[in-house]
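One file, entry-v5.csv, is given below (CSV, C-alpha atoms).
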chain,number,residue,atom,x,y,z
A,681,MET,CA,106.3,-83.0,-7.0
A,682,LEU,CA,105.1,-86.0,-9.0
A,683,MET,CA,107.2,-88.8,-10.4
A,684,ASP,CA,104.7,-91.6,-10.9
A,685,GLU,CA,101.4,-92.9,-9.4
A,686,LYS,CA,103.0,-95.3,-6.8
A,687,GLY,CA,103.4,-94.0,-3.3
A,688,PHE,CA,106.8,-93.5,-1.9
A,689,ILE,CA,108.4,-96.6,-0.4
A,690,LEU,CA,110.8,-95.6,2.4
A,691,ILE,CA,113.8,-98.0,2.4
A,692,GLY,CA,116.3,-96.1,4.4
A,693,VAL,CA,117.1,-93.1,6.6
A,694,ILE,CA,120.6,-91.7,6.7
A,695,VAL,CA,121.7,-88.9,9.1
A,696,ARG,CA,124.7,-86.8,8.2
A,697,ARG,CA,126.0,-84.4,10.8
A,698,SER,CA,128.2,-81.3,10.6
A,699,ALA,CA,129.1,-78.5,12.9
A,700,GLN,CA,126.5,-76.1,11.6
A,701,ALA,CA,123.8,-78.3,10.1
A,702,LEU,CA,122.3,-81.8,10.0
A,703,THR,CA,121.0,-83.5,6.9
A,704,VAL,CA,118.5,-86.4,6.9
A,705,TRP,CA,118.2,-88.4,3.7
A,706,LEU,CA,115.0,-90.3,3.1
A,707,LYS,CA,115.9,-93.0,0.6
A,708,GLY,CA,113.2,-94.9,-1.3
A,709,SER,CA,111.4,-95.6,-4.5
A,710,GLY,CA,108.1,-94.6,-6.1
A,711,SER,CA,106.5,-91.2,-6.1
A,712,LEU,CA,108.3,-88.4,-4.2
A,713,ARG,CA,105.0,-86.5,-3.9
A,714,TYR,CA,104.9,-85.1,-0.4
A,715,HIS,CA,103.4,-82.4,1.7
A,716,ALA,CA,105.4,-80.7,4.5
A,717,THR,CA,103.7,-79.3,7.6
A,718,ALA,CA,105.3,-77.4,10.4
A,719,MET,CA,103.1,-78.9,13.2
A,720,ASP,CA,104.5,-76.5,15.8
A,721,ALA,CA,107.8,-74.7,16.5
A,722,GLN,CA,109.5,-78.1,17.2
A,723,ARG,CA,107.9,-80.6,14.8
A,724,LEU,CA,108.0,-80.9,11.1
A,725,ALA,CA,105.9,-83.6,9.4
A,726,LEU,CA,106.3,-84.9,5.8
A,727,ASP,CA,103.3,-86.8,4.4
A,728,PHE,CA,103.6,-89.1,1.4
A,729,PRO,CA,100.1,-90.0,0.1
A,730,GLY,CA,99.9,-93.8,-0.6
A,731,GLY,CA,103.4,-94.3,0.8
A,732,ARG,CA,104.7,-96.9,3.2
A,733,SER,CA,107.9,-97.9,5.0
A,734,VAL,CA,109.8,-101.2,4.9
A,735,LEU,CA,111.9,-100.2,7.9
A,736,GLN,CA,111.5,-102.1,11.1
A,737,GLN,CA,112.0,-99.0,13.3
A,738,SER,CA,109.2,-96.6,13.9
A,739,MET,CA,111.4,-94.2,15.9
A,740,MET,CA,115.0,-93.2,15.5
A,741,ALA,CA,116.8,-91.3,18.2
A,742,VAL,CA,119.2,-88.7,16.7
A,743,HIS,CA,120.7,-87.0,19.8
A,744,HIS,CA,121.8,-83.8,18.0
A,745,PRO,CA,121.3,-80.2,19.1
A,746,LEU,CA,119.1,-79.6,16.1
A,747,LEU,CA,117.1,-82.9,16.0
A,748,ALA,CA,116.0,-85.2,18.8
A,749,ARG,CA,114.3,-88.0,17.0
A,750,ILE,CA,112.6,-89.1,13.8
A,751,ARG,CA,109.2,-90.9,13.9
A,752,ILE,CA,107.9,-93.0,11.1
A,753,GLY,CA,104.3,-94.2,10.7
A,754,THR,CA,101.6,-95.2,8.2
A,755,ASP,CA,97.9,-95.2,8.1
A,756,ARG,CA,95.2,-95.7,5.4
A,757,ARG,CA,96.3,-92.4,3.8
A,758,GLY,CA,100.0,-93.2,3.5
A,759,LEU,CA,103.4,-92.6,5.1
A,760,ARG,CA,104.2,-89.8,7.7
A,761,VAL,CA,107.7,-88.9,8.8
A,762,VAL,CA,107.9,-86.5,11.8
A,763,PHE,CA,111.1,-84.7,12.8
A,764,GLU,CA,111.1,-83.6,16.5
A,765,THR,CA,113.6,-80.9,17.1
A,766,GLU,CA,115.3,-79.7,20.3
A,767,SER,CA,114.8,-76.0,19.5
A,768,ARG,CA,113.6,-73.6,16.8
A,769,ILE,CA,115.2,-74.5,13.4
A,770,ARG,CA,115.2,-73.7,9.8
A,771,TYR,CA,114.9,-76.4,7.2
A,772,ALA,CA,115.2,-76.9,3.5
A,773,ILE,CA,113.8,-79.9,1.6
A,774,ARG,CA,115.7,-80.9,-1.6
A,775,PRO,CA,114.4,-83.6,-3.9
A,776,ARG,CA,117.1,-86.0,-5.3
A,777,PRO,CA,116.7,-89.1,-7.5
A,778,GLN,CA,114.9,-91.6,-5.3
A,779,ALA,CA,115.5,-89.6,-2.1
A,780,LEU,CA,114.7,-86.4,-0.2
A,781,ALA,CA,117.4,-84.5,1.6
A,782,ILE,CA,116.1,-82.5,4.5
A,783,GLN,CA,118.7,-80.0,5.9
A,784,PHE,CA,118.2,-78.6,9.4
A,785,GLN,CA,120.0,-75.5,10.6
A,786,PRO,CA,119.7,-73.3,13.7
A,787,ALA,CA,117.0,-70.6,13.5
A,788,ARG,CA,118.2,-67.1,12.8
A,789,LYS,CA,118.5,-64.9,15.8
A,790,ARG,CA,115.9,-62.1,16.0

As C-alpha coordinates:
Amino acid sequence: MLMDEKGFILIGVIVRRSAQALTVWLKGSGSLRYHATAMDAQRLALDFPGGRSVLQQSMMAVHHPLLARIRIGTDRRGLRVVFETESRIRYAIRPRPQALAIQFQPARKR
(Lines of atoms letter the chains of each structure in order from A and count residues from 1; the text may use other names and numbers.)
(Lines give C-alpha, C1' and ligand atoms only; values in the text may rest on other atoms or scores of the structure.)
Protein backbone atom coordinates (compact mmCIF):
# COMPACT_ATOMS: atom_id res chain seq x y z
CA MET A 1 0.00 0.00 0.00
CA LEU A 2 1.52 3.33 -1.05
CA MET A 3 0.47 6.78 0.08
CA ASP A 4 3.51 8.89 -0.72
CA GLU A 5 7.28 8.58 -0.99
CA LYS A 6 8.12 9.43 2.64
CA GLY A 7 8.65 6.57 5.02
CA PHE A 8 6.19 5.99 7.84
CA ILE A 9 6.92 8.03 10.98
CA LEU A 10 5.61 6.22 14.05
CA ILE A 11 4.29 8.70 16.60
CA GLY A 12 2.14 6.50 18.82
CA VAL A 13 1.14 2.97 19.80
CA ILE A 14 -2.29 2.38 21.31
CA VAL A 15 -3.40 -0.99 22.69
CA ARG A 16 -7.14 -1.71 22.95
CA ARG A 17 -8.16 -4.83 24.87
CA SER A 18 -11.36 -6.85 24.74
CA ALA A 19 -12.37 -10.28 26.01
CA GLN A 20 -11.84 -12.06 22.68
CA ALA A 21 -9.32 -9.87 20.88
CA LEU A 22 -6.63 -7.26 21.18
CA THR A 23 -6.09 -4.42 18.70
CA VAL A 24 -2.85 -2.45 18.40
CA TRP A 25 -2.98 0.89 16.60
CA LEU A 26 0.24 2.17 15.05
CA LYS A 27 -0.32 5.92 14.59
CA GLY A 28 1.88 8.06 12.40
CA SER A 29 2.37 10.03 9.24
CA GLY A 30 3.95 9.44 5.86
CA SER A 31 3.77 6.32 3.74
CA LEU A 32 1.86 3.33 5.11
CA ARG A 33 3.84 1.03 2.84
CA TYR A 34 4.73 -2.05 4.89
CA HIS A 35 5.63 -5.70 4.62
CA ALA A 36 4.33 -8.24 7.19
CA THR A 37 6.36 -11.35 8.03
CA ALA A 38 5.37 -14.16 10.39
CA MET A 39 8.88 -14.78 11.74
CA ASP A 40 7.74 -17.91 13.58
CA ALA A 41 4.60 -19.11 15.35
CA GLN A 42 4.93 -16.43 18.03
CA ARG A 43 6.41 -13.38 16.29
CA LEU A 44 4.95 -11.06 13.67
CA ALA A 45 7.17 -8.36 12.13
CA LEU A 46 6.01 -5.29 10.23
CA ASP A 47 8.70 -3.54 8.17
CA PHE A 48 8.22 0.04 6.97
CA PRO A 49 10.89 0.90 4.34
CA GLY A 50 12.42 4.31 5.05
CA GLY A 51 10.37 4.59 8.26
CA ARG A 52 11.40 5.76 11.69
CA SER A 53 10.00 6.18 15.18
CA VAL A 54 9.84 9.29 17.35
CA LEU A 55 8.92 7.21 20.41
CA GLN A 56 11.34 7.03 23.33
CA GLN A 57 10.49 3.40 24.06
CA SER A 58 11.95 0.54 22.05
CA MET A 59 9.92 -2.09 23.94
CA MET A 60 6.40 -2.05 25.34
CA ALA A 61 5.17 -4.79 27.67
CA VAL A 62 1.53 -5.63 26.92
CA HIS A 63 0.83 -8.45 29.42
CA HIS A 64 -2.18 -9.89 27.59
CA PRO A 65 -2.88 -13.59 26.86
CA LEU A 66 -2.56 -12.81 23.13
CA LEU A 67 0.42 -10.44 23.14
CA ALA A 68 3.43 -10.29 25.46
CA ARG A 69 5.33 -7.30 24.10
CA ILE A 70 5.93 -4.95 21.18
CA ARG A 71 9.49 -4.15 20.07
CA ILE A 72 10.31 -1.13 17.91
CA GLY A 73 13.60 -0.64 16.07
CA THR A 74 15.19 1.11 13.13
CA ASP A 75 18.17 0.46 10.92
CA ARG A 76 19.41 1.82 7.59
CA ARG A 77 16.48 0.18 5.77
CA GLY A 78 13.74 1.63 7.95
CA LEU A 79 11.41 0.87 10.83
CA ARG A 80 10.56 -2.59 12.17
CA VAL A 81 7.81 -3.34 14.69
CA VAL A 82 7.78 -6.85 16.16
CA PHE A 83 4.83 -8.32 18.03
CA GLU A 84 5.78 -11.16 20.38
CA THR A 85 2.81 -13.34 21.25
CA GLU A 86 2.18 -15.68 24.17
CA SER A 87 0.67 -18.41 21.97
CA ARG A 88 -0.44 -19.14 18.42
CA ILE A 89 -2.66 -16.35 17.15
CA ARG A 90 -4.54 -15.09 14.12
CA TYR A 91 -4.06 -11.52 13.03
CA ALA A 92 -5.58 -9.05 10.60
CA ILE A 93 -3.96 -5.79 9.47
CA ARG A 94 -6.32 -2.97 8.56
CA PRO A 95 -4.99 0.29 7.11
CA ARG A 96 -6.69 3.44 8.37
CA PRO A 97 -5.95 7.10 7.68
CA GLN A 98 -2.51 7.75 9.19
CA ALA A 99 -2.58 4.45 11.09
CA LEU A 100 -2.55 0.67 10.94
CA ALA A 101 -4.86 -1.40 13.13
CA ILE A 102 -3.50 -4.87 13.88
CA GLN A 103 -6.08 -7.16 15.46
CA PHE A 104 -4.97 -10.30 17.31
CA GLN A 105 -7.29 -13.21 18.11
CA PRO A 106 -6.71 -16.74 19.42
CA ALA A 107 -5.81 -19.29 16.74
CA ARG A 108 -8.61 -21.60 15.68
CA LYS A 109 -8.52 -25.01 17.30
CA ARG A 110 -7.55 -27.80 14.95

* Identify the residues within 10 Å of coordinate (97.7, -87.2, -1.6) (same frame as the file), considering all atoms listed in the file, and give the answer as a ChimeraX atom specification. => /A:687,713-715,727-731,757-758

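Residues in contact with stretch 775-780 of chain A at 8 Å, where only C-alpha atoms are counted and same-chain residues fewer than 2 positions away are skipped, are listed as A:Trp705, A:Leu706, A:Lys707, A:Gly708, A:Ser709, A:Gly710, A:Leu712, A:Ile773, A:Ile782.
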
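Restricting the calculation to only C-alpha atoms, the smallest distance between A:Pro745 and any of A:Thr765, A:Ser711, A:Ser698, A:Thr703 is found for A:Thr765.
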
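One distance worth recording is that between atom CA of A:Ser767 and atom CA of A:Ile752, which is 20.2 Å.
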
Env of A:Met740: 10 Å cut, atoms = all atoms listed in the file, seq-sep filter 3 positions within chain, self excluded. Answer as a PDB file with C-alpha atoms, keeping the file's coordinate frame.
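The resulting file, result.pdb, is shown below:
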ATOM      1  CA  VAL A 693     117.100 -93.100   6.600  1.00  0.00           C
ATOM      2  CA  GLN A 737     112.000 -99.000  13.300  1.00  0.00           C
ATOM      3  CA  HIS A 743     120.700 -87.000  19.800  1.00  0.00           C
ATOM      4  CA  ALA A 748     116.000 -85.200  18.800  1.00  0.00           C
ATOM      5  CA  ARG A 749     114.300 -88.000  17.000  1.00  0.00           C
ATOM      6  CA  ILE A 750     112.600 -89.100  13.800  1.00  0.00           C
ATOM      7  CA  ARG A 751     109.200 -90.900  13.900  1.00  0.00           C
ATOM      8  CA  ILE A 752     107.900 -93.000  11.100  1.00  0.00           C
ATOM      9  CA  PHE A 763     111.100 -84.700  12.800  1.00  0.00           C
TER      10      PHE A 763
END

For A:Thr717, find every residue with an atom within 7 Å (counting all atoms listed in the file), except residues of its own chain fewer than 5 positions away, and show them as a PDB file with C-alpha atoms, keeping the file's coordinate frame.
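The resulting file, out22.pdb, is shown below:
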ATOM      1  CA  LEU A 724     108.000 -80.900  11.100  1.00  0.00           C
ATOM      2  CA  ALA A 725     105.900 -83.600   9.400  1.00  0.00           C
ATOM      3  CA  LEU A 726     106.300 -84.900   5.800  1.00  0.00           C
TER       4      LEU A 726
END
